[in-house]
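**Student:** Structure incoming, see below.
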Amino acid sequence: MSSILAATPFGNKSNVLFILFLMVFTFIMIRCVCRAIIFHRLNTSARKKRLKGQSIKEWLFYSKFKDVIPQSILFIYFITPVIHLLITIFFIGAFIGKFNETILINVVRITGFSDLLLLLILSFLFRNTKAIERLTPKHGNKKKRM
């Protein structure tokens with residue numbers, strides 16, 4: 001057991017904790033991007049009407065805001081925790097079986113790098129109000145031209 005924990009300078013348990021931390025941090029950051037889009041695209045009244053009586057399921061899956069948030073952001077929002085959970089299950093399997101330590105270290109590095117890259121891209125794309133306007137135009141009643 002001590003040889004498994006000595007696989008890296010911090011041990012495999014800290015790698016699993018790091019992956020779980022990345023999952024929570026990335027989840028929160030993507031939710032912040034979704035919230036910024038909602039605040040930009042909907043006025044206060046419309047936003048309050050949709051938020052009123054919102055269940056936990058609707059809060060988690062953004063079911064009331066699927067027409068407001070772009071599908072690509074929702075895809076990233078849903079797929080990121082799934083990937084992190086699969087990686088965590090892989091690490092738990094590594095505790096039980098005999099895995100090569102370099103593979104585990106590389107999985108942690110790739111996961112950390114990909115999360116950092118994802119967050120940098122999202123923060124660059126949605127860095128201010130003008131960027132949000134360019135990527136997600138506001139909802140509104142468009143008057144018919146005659």
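Every chain in the structure tokens takes a letter, A first, then B, and so on in the order presented; its residues are numbered from 1, and the ligands are numbered from 1 following the presented order.
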Need the shell around segment 56-63 of chain A: protein/DNA/RNA residues with any atom at most 9 Å away, counting only C-alpha atoms. Skip same-chain ones fewer than 4 positions apart. Format as a PyMOL selection string?

**Tutor:** chain A and resi 51+67+69+74+78

**Student:** Using the chain letters and numbers from this document, which residues of chain A does DSSP assign to alpha helix (DSSP H), as number ranges by chain?

**Tutor:** A: 2-5, 12-41, 44-51, 56-61, 71-96, 101-125, 129-135

**Student:** Enumerate, in order of chain and increasing residue number, the residues of segment 50-97 of chain A with an atom no farther than 10 Å from segment 39-42 of chain A, each with its shortest atom pair and distance in Å to one decimal, counting only C-alpha atoms, as a Markdown table.

**Tutor:**
```
| residue | atom | partner | partner_atom | distance |
| --- | --- | --- | --- | --- |
| A:Arg50 | CA | A:Leu42 | CA | 9.9 |
| A:Phe65 | CA | A:Leu42 | CA | 9.8 |
| A:Val68 | CA | A:Arg41 | CA | 6.9 |
| A:Ile69 | CA | A:Arg41 | CA | 8.8 |
```

**Student:** List the neighbours of Met23 of chain A out to 9 Å using only C-alpha atoms; skip same-chain residues closer than 3 positions along the sequence, and give me the result as a list in words.

**Tutor:**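 My list of contacting residues is Phe18, Ile19, Leu20, Thr26, Phe27, Ile28, Thr80, Pro81, Ile83, His84, Leu85 and Asp115 of chain A.
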
**Student:** Give me, as a ChimeraX atom specification, all polymer residues having an atom no more than 9 Å from Ile73 of chain A, counting only C-alpha atoms and skipping those fewer than 5 positions away in the same chain.

**Tutor:** /A:30,33-34,78

**Student:** For C-alpha atoms, I'd like the residues from the last selection saved as a PDB file, in the first residue's frame.

**Tutor:**
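Writing done, so here's result.pdb:
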```pdb
ATOM      1  CA  ILE A  30     -18.793  27.115 -16.626  1.00  0.00           C
ATOM      2  CA  VAL A  33     -20.227  31.762 -17.919  1.00  0.00           C
ATOM      3  CA  CYS A  34     -23.808  30.489 -18.264  1.00  0.00           C
ATOM      4  CA  PHE A  78     -22.679  18.547 -19.311  1.00  0.00           C
TER       5      PHE A  78
END
```

**Student:** At what distance in Å, to one decimal, does atom CA of Ala36 of chain A lie from atom CA of Asn128 of chain A?

**Tutor:**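 Spanning atom CA of Asn128 of chain A to atom CA of Ala36 of chain A is a straight-line distance of 9.4 Å.
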
**Student:** Given only C-alpha atoms as the basis, pick out the residue of A:Ile37, A:Val82, A:Ala46, A:Val108 nearest to Ile132 of chain A.

**Tutor:**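 Ranked by minimum distance to Ile132 of chain A, first place goes to A:Ile37.
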